[in-house]
>>> print(open('start_13.cif').read())   # mmCIF, C-alpha atoms
data_upload
loop_
_atom_site.group_PDB
_atom_site.id
_atom_site.type_symbol
_atom_site.label_atom_id
_atom_site.label_comp_id
_atom_site.auth_asym_id
_atom_site.auth_seq_id
_atom_site.Cartn_x
_atom_site.Cartn_y
_atom_site.Cartn_z
ATOM 1 C CA MET A 1 0.000 0.000 0.000
ATOM 2 C CA ALA A 2 1.226 3.485 -0.821
ATOM 3 C CA GLY A 3 2.768 5.309 2.122
ATOM 4 C CA GLU A 4 3.640 2.159 4.079
ATOM 5 C CA GLY A 5 7.235 1.320 4.949
ATOM 6 C CA ALA A 6 10.459 3.030 3.942
ATOM 7 C CA PRO A 7 10.969 4.041 0.326
ATOM 8 C CA SER A 8 12.935 1.516 -1.681
ATOM 9 C CA GLY A 9 14.770 4.069 -3.841
ATOM 10 C CA ALA A 10 18.256 5.204 -2.889
ATOM 11 C CA THR A 11 18.738 8.806 -1.780
ATOM 12 C CA MET A 12 21.691 10.311 -3.593
ATOM 13 C CA VAL A 13 23.633 13.260 -2.220
ATOM 14 C CA ASP A 14 26.147 14.833 -4.583
ATOM 15 C CA ALA A 15 29.001 17.189 -3.832
ATOM 16 C CA GLN A 16 28.221 20.905 -3.843
ATOM 17 C CA LEU A 17 31.224 23.231 -4.231
ATOM 18 C CA THR A 18 31.574 26.880 -5.157
ATOM 19 C CA ASN A 19 33.399 28.103 -8.226
ATOM 20 C CA ALA A 20 37.147 28.424 -7.765
ATOM 21 C CA ARG A 21 38.318 31.642 -6.143
ATOM 22 C CA VAL A 22 41.849 32.858 -6.985
ATOM 23 C CA LEU A 23 43.921 33.853 -3.946
ATOM 24 C CA LYS A 24 46.939 36.126 -4.414
ATOM 25 C CA PRO A 25 49.029 38.520 -2.304
ATOM 26 C CA PHE A 26 48.398 42.244 -2.631
ATOM 27 C CA ASP A 27 49.459 43.974 -5.855
ATOM 28 C CA ASN A 28 53.189 44.761 -6.168
ATOM 29 C CA PHE A 29 54.051 42.685 -3.108
ATOM 30 C CA GLU A 30 57.545 42.213 -4.579
ATOM 31 C CA ARG A 31 58.313 45.916 -4.084
ATOM 32 C CA ILE A 32 57.528 45.684 -0.347
ATOM 33 C CA TYR A 33 59.179 42.321 0.366
ATOM 34 C CA GLN A 34 62.325 42.597 -1.798
ATOM 35 C CA GLY A 35 65.327 42.427 0.543
ATOM 36 C CA GLN A 36 63.212 41.736 3.637
ATOM 37 C CA SER A 37 64.037 38.754 5.857
ATOM 38 C CA ALA A 38 62.850 35.500 4.299
ATOM 39 C CA GLN A 39 61.406 34.609 7.692
ATOM 40 C CA ILE A 40 58.683 37.238 7.165
ATOM 41 C CA PRO A 41 55.760 35.389 5.547
ATOM 42 C CA ILE A 42 53.807 36.660 2.563
ATOM 43 C CA ALA A 43 50.084 36.707 3.360
ATOM 44 C CA PHE A 44 47.125 35.850 1.163
ATOM 45 C CA PRO A 45 45.364 38.208 0.621
ATOM 46 C CA GLY A 46 47.630 40.411 2.750
ATOM 47 C CA SER A 47 45.500 43.546 2.445
ATOM 48 C CA ARG A 48 44.049 45.645 5.269
ATOM 49 C CA ASP A 49 40.592 44.942 6.617
ATOM 50 C CA SER A 50 38.013 47.536 5.529
ATOM 51 C CA ARG A 51 37.453 48.531 9.170
ATOM 52 C CA ALA A 52 41.164 49.231 9.518
ATOM 53 C CA ILE A 53 41.138 51.336 6.361
ATOM 54 C CA SER A 54 38.240 53.433 7.680
ATOM 55 C CA ASN A 55 39.899 53.805 11.117
ATOM 56 C CA GLU A 56 36.856 52.338 12.808
ATOM 57 C CA SER A 57 37.016 52.512 16.590
ATOM 58 C CA GLY A 58 38.042 49.255 18.229
ATOM 59 C CA PHE A 59 40.009 47.936 15.232
ATOM 60 C CA ASP A 60 43.760 48.030 14.736
ATOM 61 C CA PRO A 61 44.665 50.231 11.745
ATOM 62 C CA ASN A 62 46.788 47.333 10.448
ATOM 63 C CA LEU A 63 44.219 44.560 10.938
ATOM 64 C CA MET A 64 44.609 42.150 8.027
ATOM 65 C CA LEU A 65 41.814 41.137 5.698
ATOM 66 C CA GLY A 66 40.511 37.575 5.976
ATOM 67 C CA ILE A 67 38.926 35.377 3.300
ATOM 68 C CA PRO A 68 35.306 34.574 4.307
ATOM 69 C CA VAL A 69 34.560 30.848 4.603
ATOM 70 C CA PRO A 70 31.509 28.986 5.961
ATOM 71 C CA GLU A 71 32.704 27.381 9.192
ATOM 72 C CA GLY A 72 32.493 23.593 9.069
ATOM 73 C CA ALA A 73 32.405 23.441 5.270
ATOM 74 C CA ARG A 74 34.849 21.427 3.227
ATOM 75 C CA VAL A 75 37.651 23.538 1.785
ATOM 76 C CA LEU A 76 39.616 22.529 -1.311
ATOM 77 C CA LEU A 77 42.860 24.407 -1.955
ATOM 78 C CA TRP A 78 44.913 23.964 -5.117
ATOM 79 C CA PHE A 79 48.491 25.040 -4.328
ATOM 80 C CA PRO A 80 50.701 25.823 -7.340
ATOM 81 C CA ILE A 81 54.253 24.591 -7.716
ATOM 82 C CA CYS A 82 56.225 27.747 -8.420
ATOM 83 C CA PHE A 83 58.182 27.756 -11.684
ATOM 84 C CA ALA A 84 60.477 30.560 -12.813
ATOM 85 C CA PRO A 85 61.682 31.508 -16.261
ATOM 86 C CA VAL A 86 64.200 28.801 -17.148
ATOM 87 C CA PRO A 87 67.671 29.938 -15.991
ATOM 88 C CA PRO A 88 70.174 29.688 -18.866
ATOM 89 C CA ALA A 89 72.852 28.193 -16.621
ATOM 90 C CA ASN A 90 70.771 25.254 -15.454
ATOM 91 C CA PRO A 91 67.395 24.646 -17.145
ATOM 92 C CA LEU A 92 66.739 21.545 -15.031
ATOM 93 C CA PHE A 93 65.824 23.429 -11.861
ATOM 94 C CA PRO A 94 63.563 26.384 -12.694
ATOM 95 C CA PHE A 95 61.374 25.888 -9.635
ATOM 96 C CA GLN A 96 61.456 26.708 -5.939
ATOM 97 C CA LEU A 97 59.534 25.037 -3.108
ATOM 98 C CA TYR A 98 57.283 27.058 -0.786
ATOM 99 C CA SER A 99 55.475 26.156 2.415
ATOM 100 C CA TYR A 100 52.026 27.400 3.419
ATOM 101 C CA ARG A 101 50.337 27.704 6.821
ATOM 102 C CA LEU A 102 46.628 28.274 7.367
ATOM 103 C CA ILE A 103 45.213 30.687 9.951
ATOM 104 C CA TRP A 104 41.526 30.608 10.897
ATOM 105 C CA ARG A 105 39.776 33.584 12.440
ATOM 106 C CA TYR A 106 36.407 34.221 14.048
ATOM 107 C CA GLN A 107 34.304 37.228 13.209
ATOM 108 C CA ASN A 108 32.108 38.763 15.905
ATOM 109 C CA LEU A 109 28.563 40.027 16.243
ATOM 110 C CA ARG A 110 29.592 43.610 15.529
ATOM 111 C CA SER A 111 30.978 42.570 12.150
ATOM 112 C CA PHE A 112 27.571 41.094 11.299
ATOM 113 C CA ARG A 113 25.531 44.052 12.591
ATOM 114 C CA GLU A 114 27.718 46.712 10.974
ATOM 115 C CA PRO A 115 29.086 45.272 7.715
ATOM 116 C CA PRO A 116 31.236 47.413 5.434
ATOM 117 C CA THR A 117 29.268 49.578 3.013
ATOM 118 C CA LYS A 118 27.877 47.710 -0.015
ATOM 119 C CA SER A 119 29.114 44.341 1.200
ATOM 120 C CA ARG A 120 27.420 41.200 2.383
ATOM 121 C CA ARG A 121 27.100 40.565 6.086
ATOM 122 C CA PRO A 122 30.031 38.325 7.021
ATOM 123 C CA PRO A 123 29.471 35.043 8.867
ATOM 124 C CA TYR A 124 30.250 35.163 12.574
ATOM 125 C CA HIS A 125 30.546 32.628 15.386
ATOM 126 C CA PHE A 126 31.860 34.882 18.149
ATOM 127 C CA ALA A 127 28.547 36.096 19.530
ATOM 128 C CA ARG A 128 29.857 39.156 21.361
ATOM 129 C CA SER A 129 31.119 42.582 20.361
ATOM 130 C CA SER A 130 32.295 43.860 23.729
ATOM 131 C CA PRO A 131 35.836 45.263 24.061
ATOM 132 C CA GLY A 132 38.634 42.770 24.530
ATOM 133 C CA ALA A 133 42.188 43.327 25.748
ATOM 134 C CA PRO A 134 43.389 46.861 24.886
ATOM 135 C CA ASP A 135 46.509 47.621 22.850
ATOM 136 C CA SER A 136 48.957 49.573 25.021
ATOM 137 C CA SER A 137 51.990 49.282 22.731
ATOM 138 C CA SER A 138 51.885 53.035 21.996
ATOM 139 C CA GLY A 139 51.816 53.873 25.713
ATOM 140 C CA ILE A 140 48.123 54.719 25.583
ATOM 141 C CA PRO A 141 45.580 51.897 26.019
ATOM 142 C CA LEU A 142 43.518 51.694 22.835
ATOM 143 C CA PRO A 143 40.248 49.724 22.757
ATOM 144 C CA ARG A 144 40.185 46.581 20.642
ATOM 145 C CA VAL A 145 37.247 44.397 19.670
ATOM 146 C CA THR A 146 38.001 40.704 20.219
ATOM 147 C CA ILE A 147 38.809 38.881 16.953
ATOM 148 C CA PRO A 148 40.593 35.620 17.869
ATOM 149 C CA ALA A 149 42.699 33.603 15.416
ATOM 150 C CA SER A 150 44.080 30.052 15.459
ATOM 151 C CA TRP A 151 46.567 27.917 13.544
ATOM 152 C CA HIS A 152 45.561 24.992 11.366
ATOM 153 C CA VAL A 153 47.067 21.975 13.134
ATOM 154 C CA ILE A 154 47.664 18.260 12.803
ATOM 155 C CA ALA A 155 47.471 15.818 15.729
ATOM 156 C CA TYR A 156 50.046 13.096 16.385
ATOM 157 C CA GLU A 157 49.371 10.119 18.639
ATOM 158 C CA GLN A 158 52.347 9.103 20.738
ATOM 159 C CA GLY A 159 53.316 5.500 21.301
ATOM 160 C CA GLU A 160 51.272 3.509 23.806
ATOM 161 C CA PRO A 161 52.546 4.360 27.300
ATOM 162 C CA VAL A 162 53.534 1.693 29.786
ATOM 163 C CA THR A 163 51.724 3.546 32.541
ATOM 164 C CA GLY A 164 49.456 6.546 32.739
ATOM 165 C CA SER A 165 47.271 8.066 30.035
ATOM 166 C CA GLY A 166 47.943 8.365 26.331
ATOM 167 C CA ASN A 167 49.214 11.537 24.745
ATOM 168 C CA LEU A 168 47.929 13.386 21.689
ATOM 169 C CA VAL A 169 50.279 16.145 20.493
ATOM 170 C CA VAL A 170 48.899 18.967 18.327
ATOM 171 C CA ARG A 171 51.341 20.777 16.042
ATOM 172 C CA ILE A 172 50.970 23.541 13.454
ATOM 173 C CA GLU A 173 50.664 21.937 10.032
ATOM 174 C CA THR A 174 52.863 23.212 7.212
ATOM 175 C CA ILE A 175 51.799 22.386 3.657
ATOM 176 C CA THR A 176 54.657 22.090 1.152
ATOM 177 C CA PRO A 177 53.800 21.089 -2.440
ATOM 178 C CA ARG A 178 56.862 19.063 -3.433
ATOM 179 C CA LEU A 179 58.554 18.450 -6.748
ATOM 180 C CA ASP A 180 61.858 16.609 -6.640
ATOM 181 C CA ASP A 181 62.554 16.120 -10.345
ATOM 182 C CA LEU A 182 61.093 17.532 -13.545
ATOM 183 C CA ASN A 183 61.381 14.028 -14.992
ATOM 184 C CA GLN A 184 58.407 13.083 -12.813
ATOM 185 C CA PHE A 185 56.314 14.183 -15.804
ATOM 186 C CA VAL A 186 56.704 13.343 -19.475
ATOM 187 C CA ALA A 187 53.940 14.454 -21.837
ATOM 188 C CA PRO A 188 51.928 11.609 -23.412
ATOM 189 C CA LEU A 189 51.619 11.395 -27.190
ATOM 190 C CA LEU A 190 48.569 12.071 -29.345
ATOM 191 C CA ALA A 191 47.534 9.910 -32.301
ATOM 192 C CA ASN A 192 49.481 12.260 -34.610
ATOM 193 C CA GLY A 193 52.673 11.591 -32.670
ATOM 194 C CA GLN A 194 52.805 15.053 -31.123
ATOM 195 C CA PRO A 195 53.114 15.611 -27.338
ATOM 196 C CA GLY A 196 49.706 16.199 -25.741
ATOM 197 C CA VAL A 197 48.978 19.416 -23.851
ATOM 198 C CA ILE A 198 47.604 18.816 -20.335
ATOM 199 C CA GLN A 199 46.953 22.432 -19.324
ATOM 200 C CA GLN A 200 47.061 25.818 -21.021
ATOM 201 C CA GLY A 201 46.824 29.487 -20.167
ATOM 202 C CA VAL A 202 48.525 28.891 -16.834
ATOM 203 C CA LEU A 203 52.141 29.765 -17.657
ATOM 204 C CA ASP A 204 53.744 30.897 -20.893
ATOM 205 C CA PRO A 205 55.719 27.810 -22.043
ATOM 206 C CA SER A 206 58.362 30.065 -23.580
ATOM 207 C CA LEU A 207 58.972 31.861 -20.276
ATOM 208 C CA SER A 208 58.668 29.106 -17.680
ATOM 209 C CA GLY A 209 59.895 25.618 -16.999
ATOM 210 C CA GLY A 210 57.720 22.722 -16.009
ATOM 211 C CA ASN A 211 57.693 20.801 -19.268
ATOM 212 C CA GLY A 212 53.922 21.283 -19.551
ATOM 213 C CA MET A 213 53.287 19.330 -16.363
ATOM 214 C CA PRO A 214 50.224 20.001 -14.142
ATOM 215 C CA LEU A 215 51.038 22.989 -11.965
ATOM 216 C CA PHE A 216 48.794 22.387 -8.940
ATOM 217 C CA VAL A 217 48.443 19.935 -6.063
ATOM 218 C CA PRO A 218 45.108 19.729 -4.161
ATOM 219 C CA PHE A 219 44.696 19.862 -0.390
ATOM 220 C CA TRP A 220 41.431 19.115 1.414
ATOM 221 C CA THR A 221 40.549 20.423 4.859
ATOM 222 C CA ASP A 222 37.583 21.779 6.823
ATOM 223 C CA ALA A 223 36.869 25.427 7.576
ATOM 224 C CA GLU A 224 37.709 25.960 11.245
ATOM 225 C CA GLY A 225 36.568 29.569 11.519
ATOM 226 C CA ASP A 226 34.752 32.371 9.706
ATOM 227 C CA GLU A 227 37.818 33.590 7.819
ATOM 228 C CA LEU A 228 41.031 32.179 6.364
ATOM 229 C CA ILE A 229 44.450 33.795 6.015
ATOM 230 C CA ILE A 230 47.298 31.906 4.303
ATOM 231 C CA LEU A 231 50.977 32.562 5.066
ATOM 232 C CA ALA A 232 53.746 31.543 2.651
ATOM 233 C CA ASN A 233 57.506 31.159 3.162
ATOM 234 C CA ARG A 234 60.263 29.656 1.082
ATOM 235 C CA ALA A 235 60.604 26.032 2.176
ATOM 236 C CA SER A 236 64.380 26.357 2.426
ATOM 237 C CA THR A 237 64.361 29.497 4.584
ATOM 238 C CA ASN A 238 67.343 29.528 6.938
ATOM 239 C CA ALA A 239 66.156 30.925 10.264
ATOM 240 C CA THR A 240 69.746 31.445 11.500
ATOM 241 C CA ASP A 241 71.050 33.320 8.439
ATOM 242 C CA PRO A 242 70.460 37.113 8.624
ATOM 243 C CA LEU A 243 71.370 37.372 4.920
ATOM 244 C CA ASP A 244 68.556 35.023 3.896
ATOM 245 C CA VAL A 245 66.131 37.490 2.306
ATOM 246 C CA TRP A 246 63.316 37.551 -0.223
ATOM 247 C CA ASP A 247 64.858 38.054 -3.677
ATOM 248 C CA PHE A 248 62.470 38.102 -6.631
ATOM 249 C CA THR A 249 65.200 38.978 -9.137
ATOM 250 C CA GLN A 250 66.840 35.560 -9.458
ATOM 251 C CA ALA A 251 65.739 31.948 -9.818
ATOM 252 C CA ASN A 252 66.768 28.870 -7.913
ATOM 253 C CA THR A 253 69.620 27.349 -9.917
ATOM 254 C CA ASP A 254 70.537 24.221 -7.981
ATOM 255 C CA LEU A 255 68.326 22.442 -5.451
ATOM 256 C CA ASP A 256 71.318 20.591 -3.984
ATOM 257 C CA VAL A 257 73.230 23.777 -3.283
ATOM 258 C CA GLY A 258 70.056 25.561 -2.228
ATOM 259 C CA GLU A 259 70.232 28.882 -4.047
ATOM 260 C CA LEU A 260 67.581 31.089 -2.511
ATOM 261 C CA GLY A 261 66.111 33.112 -5.371
ATOM 262 C CA ASP A 262 62.348 33.751 -5.384
ATOM 263 C CA LEU A 263 61.773 34.579 -9.046
ATOM 264 C CA ALA A 264 59.527 31.504 -9.204
ATOM 265 C CA PHE A 265 57.183 32.937 -6.544
ATOM 266 C CA SER A 266 57.011 36.252 -8.394
ATOM 267 C CA ASN A 267 56.358 34.460 -11.685
ATOM 268 C CA ILE A 268 53.267 32.718 -10.292
ATOM 269 C CA TYR A 269 51.804 35.352 -7.975
ATOM 270 C CA GLY A 270 53.228 38.588 -9.395
ATOM 271 C CA THR A 271 55.058 39.969 -12.422
ATOM 272 C CA GLY A 272 58.016 37.581 -12.769
ATOM 273 C CA ASN A 273 60.382 40.458 -11.970
ATOM 274 C CA GLY A 274 58.703 42.631 -14.596
ATOM 275 C CA ARG A 275 58.514 39.997 -17.339
ATOM 276 C CA HIS A 276 54.715 40.067 -17.528
ATOM 277 C CA GLU A 277 51.584 41.563 -16.015
ATOM 278 C CA PRO A 278 50.174 39.614 -13.038
ATOM 279 C CA TYR A 279 48.162 36.637 -14.279
ATOM 280 C CA ARG A 280 44.699 37.394 -12.904
ATOM 281 C CA ASP A 281 43.584 33.762 -12.935
ATOM 282 C CA ILE A 282 46.755 32.200 -11.510
ATOM 283 C CA GLY A 283 47.227 31.780 -7.758
ATOM 284 C CA ILE A 284 45.971 29.478 -5.016
ATOM 285 C CA TYR A 285 42.529 28.196 -6.024
ATOM 286 C CA MET A 286 39.963 27.820 -3.247
ATOM 287 C CA GLN A 287 36.557 26.168 -3.261
ATOM 288 C CA THR A 288 34.194 25.642 -0.324
ATOM 289 C CA GLY A 289 31.112 23.465 0.022
ATOM 290 C CA THR A 290 29.919 20.031 1.051
ATOM 291 C CA THR A 291 30.851 16.518 0.015
ATOM 292 C CA PRO A 292 29.000 13.256 0.755
#
>>> encode(input="start_13.cif", output="structure tokens")
Amino acid sequence: MAGEGAPSGATMVDAQLTNARVLKPFDNFERIYQGQSAQIPIAFPGSRDSRAISNESGFDPNLMLGIPVPEGARVLLWFPICFAPVPPANPLFPFQLYSYRLIWRYQNLRSFREPPTKSRRPPYHFARSSPGAPDSSSGIPLPRVTIPASWHVIAYEQGEPVTGSGNLVVRIETITPRLDDLNQFVAPLLANGQPGVIQQGVLDPSLSGGNGMPLFVPFWTDAEGDELIILANRASTNATDPLDVWDFTQANTDLDVGELGDLAFSNIYGTGNGRHEPYRDIGIYMQTGTTP
């Protein structure tokens, strides 16, 4: 009889993800970072929050802009491997490795009640807007609205203890898209005997290495706040070397020696040391949504 018992048909739930959003540092970041310590990370997006720009009371004038995300949603990030224009001295190593760290941030009730002009109300999960700890670094206590931030972490289980309780250690997770050898990719052939093209419009083949290989590696995680900020550093940064600085004028020439040029980073996220206009559609790709 109709209406009796559970339906026999399967209920299908498909993935629902947004279109890809391109994440880049602020325009002309090379001009600001050139010669600065390589320990200073480059932020995505790295711009000032609109409330900082308008000198709104309770907000630091240098508060950084966050990327809105729906807390709890799945987040897919495509990180590019950074290729530079092929160095004439050694065309085998035109790339440099970079490491990325994720920072999650809550927005508060005030952000929802008083959104920036002509913008959508941001999501919030910090249901207060009362003053937090003041900023007294100038010698005068200045009011500050509470906007907490946290690191993206990974948990490690320690070995089973002989006595006592177990131990779960939480550490900040660093994401490093790796490429150890350009020979990891050789283009397949088409029926006409010509090498097939896997991707296009990403890098100019005449200006960059990579042998036509896929540029990106995907990373899945969950949104752990209302906003995301990404910090990038060169993977080979030497924390004890005061001469280790950002240098967007030269490429890495030998991975074994560890030359520290950052032309590859500029080529992907900026102008390639003036070789081209910034590629609007090239950066870290981000999608958010749900998956079964």
>>> resolve_selection(input="start_13.cif", expression="the PyMOL selection byres ((chain A and resi 273) around 12)", output="list in words")
Asn28, Phe29, Glu30, Arg31, Gln34, Ala84, Pro85, Asp247, Phe248, Thr249, Gln250, Ala251, Gly261, Asp262, Leu263, Ala264, Phe265, Ser266, Asn267, Ile268, Tyr269, Gly270, Thr271, Gly272, Gly274, Arg275, His276, Glu277 and Pro278 of chain A
>>> atom_distance(input="start_13.cif", atom1="CA of Gly283 (chain A)", atom2="CA of Leu231 (chain A)")
13.4 Å
>>> residues_around(input="start_13.cif", residues="Leu243 (chain A)", least_positions_apart="2", cutoff="10 Å", atoms="all atoms listed in the file", output="VMD selection string")
chain A and resid 35 to 38 238 to 241 245 to 246
>>> residues_near_point(input="start_13.cif", point="(41.1, 50.3, 1.9)", cutoff="12 Å", atoms="only C-alpha atoms", output="ChimeraX atom specification")
/A:26,46-56,61-65,116-117
>>> closest_residue(input="start_13.cif", among="A:Ile103, A:Ala15, A:Arg128, A:Leu215", to="Ser150 (chain A)", atoms="only C-alpha atoms")
A:Ile103
>>> atom_distance(input="start_13.cif", atom1="CA of Gln96 (chain A)", atom2="CA of Phe83 (chain A)")
6.7 Å
>>> build_atoms(input="start_13.cif", residues="region 199-229 of chain A", atoms="N, CA and C atoms", output="PDB file, in the coordinates of the input")
ATOM      1  N   GLN A 199      47.559  21.194 -19.796  1.00  0.00           N
ATOM      2  CA  GLN A 199      46.953  22.432 -19.324  1.00  0.00           C
ATOM      3  C   GLN A 199      47.414  23.571 -20.218  1.00  0.00           C
ATOM      4  N   GLN A 200      46.676  24.666 -20.219  1.00  0.00           N
ATOM      5  CA  GLN A 200      47.061  25.818 -21.021  1.00  0.00           C
ATOM      6  C   GLN A 200      46.601  27.094 -20.331  1.00  0.00           C
ATOM      7  N   GLY A 201      47.202  28.197 -20.727  1.00  0.00           N
ATOM      8  CA  GLY A 201      46.824  29.487 -20.167  1.00  0.00           C
ATOM      9  C   GLY A 201      47.246  29.680 -18.734  1.00  0.00           C
ATOM     10  N   VAL A 202      48.074  28.791 -18.218  1.00  0.00           N
ATOM     11  CA  VAL A 202      48.525  28.891 -16.834  1.00  0.00           C
ATOM     12  C   VAL A 202      49.864  29.610 -16.773  1.00  0.00           C
ATOM     13  N   LEU A 203      50.842  29.108 -17.518  1.00  0.00           N
ATOM     14  CA  LEU A 203      52.141  29.765 -17.657  1.00  0.00           C
ATOM     15  C   LEU A 203      52.503  29.806 -19.133  1.00  0.00           C
ATOM     16  N   ASP A 204      53.248  30.815 -19.528  1.00  0.00           N
ATOM     17  CA  ASP A 204      53.744  30.897 -20.893  1.00  0.00           C
ATOM     18  C   ASP A 204      54.862  29.868 -21.053  1.00  0.00           C
ATOM     19  N   PRO A 205      54.682  28.848 -21.911  1.00  0.00           N
ATOM     20  CA  PRO A 205      55.719  27.810 -22.043  1.00  0.00           C
ATOM     21  C   PRO A 205      57.074  28.362 -22.455  1.00  0.00           C
ATOM     22  N   SER A 206      57.092  29.512 -23.145  1.00  0.00           N
ATOM     23  CA  SER A 206      58.362  30.065 -23.580  1.00  0.00           C
ATOM     24  C   SER A 206      59.084  30.816 -22.469  1.00  0.00           C
ATOM     25  N   LEU A 207      58.375  31.100 -21.367  1.00  0.00           N
ATOM     26  CA  LEU A 207      58.972  31.861 -20.276  1.00  0.00           C
ATOM     27  C   LEU A 207      59.204  31.038 -19.021  1.00  0.00           C
ATOM     28  N   SER A 208      58.603  29.858 -18.931  1.00  0.00           N
ATOM     29  CA  SER A 208      58.668  29.106 -17.680  1.00  0.00           C
ATOM     30  C   SER A 208      59.010  27.656 -17.935  1.00  0.00           C
ATOM     31  N   GLY A 209      59.624  27.042 -16.937  1.00  0.00           N
ATOM     32  CA  GLY A 209      59.895  25.618 -16.999  1.00  0.00           C
ATOM     33  C   GLY A 209      58.652  24.824 -16.658  1.00  0.00           C
ATOM     34  N   GLY A 210      58.834  23.566 -16.399  1.00  0.00           N
ATOM     35  CA  GLY A 210      57.720  22.722 -16.009  1.00  0.00           C
ATOM     36  C   GLY A 210      57.372  21.666 -17.030  1.00  0.00           C
ATOM     37  N   ASN A 211      57.890  21.833 -18.258  1.00  0.00           N
ATOM     38  CA  ASN A 211      57.693  20.801 -19.268  1.00  0.00           C
ATOM     39  C   ASN A 211      56.224  20.494 -19.513  1.00  0.00           C
ATOM     40  N   GLY A 212      55.340  21.489 -19.301  1.00  0.00           N
ATOM     41  CA  GLY A 212      53.922  21.283 -19.551  1.00  0.00           C
ATOM     42  C   GLY A 212      53.210  20.458 -18.505  1.00  0.00           C
ATOM     43  N   MET A 213      53.878  20.182 -17.385  1.00  0.00           N
ATOM     44  CA  MET A 213      53.287  19.330 -16.363  1.00  0.00           C
ATOM     45  C   MET A 213      52.176  20.061 -15.613  1.00  0.00           C
ATOM     46  N   PRO A 214      51.230  19.338 -14.987  1.00  0.00           N
ATOM     47  CA  PRO A 214      50.224  20.001 -14.142  1.00  0.00           C
ATOM     48  C   PRO A 214      50.906  20.839 -13.068  1.00  0.00           C
ATOM     49  N   LEU A 215      50.380  22.034 -12.851  1.00  0.00           N
ATOM     50  CA  LEU A 215      51.038  22.989 -11.965  1.00  0.00           C
ATOM     51  C   LEU A 215      50.609  22.856 -10.515  1.00  0.00           C
ATOM     52  N   PHE A 216      49.403  22.298 -10.263  1.00  0.00           N
ATOM     53  CA  PHE A 216      48.794  22.387  -8.940  1.00  0.00           C
ATOM     54  C   PHE A 216      48.754  21.034  -8.226  1.00  0.00           C
ATOM     55  N   VAL A 217      48.710  21.114  -6.894  1.00  0.00           N
ATOM     56  CA  VAL A 217      48.443  19.935  -6.063  1.00  0.00           C
ATOM     57  C   VAL A 217      47.292  20.291  -5.123  1.00  0.00           C
ATOM     58  N   PRO A 218      46.277  19.411  -4.984  1.00  0.00           N
ATOM     59  CA  PRO A 218      45.108  19.729  -4.161  1.00  0.00           C
ATOM     60  C   PRO A 218      45.321  19.368  -2.698  1.00  0.00           C
ATOM     61  N   PHE A 219      44.652  20.120  -1.829  1.00  0.00           N
ATOM     62  CA  PHE A 219      44.696  19.862  -0.390  1.00  0.00           C
ATOM     63  C   PHE A 219      43.300  20.069   0.168  1.00  0.00           C
ATOM     64  N   TRP A 220      42.764  19.047   0.814  1.00  0.00           N
ATOM     65  CA  TRP A 220      41.431  19.115   1.414  1.00  0.00           C
ATOM     66  C   TRP A 220      41.549  19.380   2.906  1.00  0.00           C
ATOM     67  N   THR A 221      40.649  20.222   3.418  1.00  0.00           N
ATOM     68  CA  THR A 221      40.549  20.423   4.859  1.00  0.00           C
ATOM     69  C   THR A 221      39.136  20.908   5.165  1.00  0.00           C
ATOM     70  N   ASP A 222      38.876  21.238   6.410  1.00  0.00           N
ATOM     71  CA  ASP A 222      37.583  21.779   6.823  1.00  0.00           C
ATOM     72  C   ASP A 222      37.776  23.194   7.343  1.00  0.00           C
ATOM     73  N   ALA A 223      36.800  24.058   7.080  1.00  0.00           N
ATOM     74  CA  ALA A 223      36.869  25.427   7.576  1.00  0.00           C
ATOM     75  C   ALA A 223      36.720  25.422   9.096  1.00  0.00           C
ATOM     76  N   GLU A 224      37.684  25.985   9.787  1.00  0.00           N
ATOM     77  CA  GLU A 224      37.709  25.960  11.245  1.00  0.00           C
ATOM     78  C   GLU A 224      37.490  27.358  11.836  1.00  0.00           C
ATOM     79  N   GLY A 225      36.873  28.227  11.065  1.00  0.00           N
ATOM     80  CA  GLY A 225      36.568  29.569  11.519  1.00  0.00           C
ATOM     81  C   GLY A 225      35.718  30.267  10.476  1.00  0.00           C
ATOM     82  N   ASP A 226      35.545  31.570  10.642  1.00  0.00           N
ATOM     83  CA  ASP A 226      34.752  32.371   9.706  1.00  0.00           C
ATOM     84  C   ASP A 226      35.606  32.966   8.594  1.00  0.00           C
ATOM     85  N   GLU A 227      36.907  33.004   8.803  1.00  0.00           N
ATOM     86  CA  GLU A 227      37.818  33.590   7.819  1.00  0.00           C
ATOM     87  C   GLU A 227      39.099  32.774   7.745  1.00  0.00           C
ATOM     88  N   LEU A 228      39.766  32.876   6.599  1.00  0.00           N
ATOM     89  CA  LEU A 228      41.031  32.179   6.364  1.00  0.00           C
ATOM     90  C   LEU A 228      42.077  33.187   5.916  1.00  0.00           C
ATOM     91  N   ILE A 229      43.274  33.064   6.475  1.00  0.00           N
ATOM     92  CA  ILE A 229      44.450  33.795   6.015  1.00  0.00           C
ATOM     93  C   ILE A 229      45.538  32.754   5.773  1.00  0.00           C
TER      94      ILE A 229
END
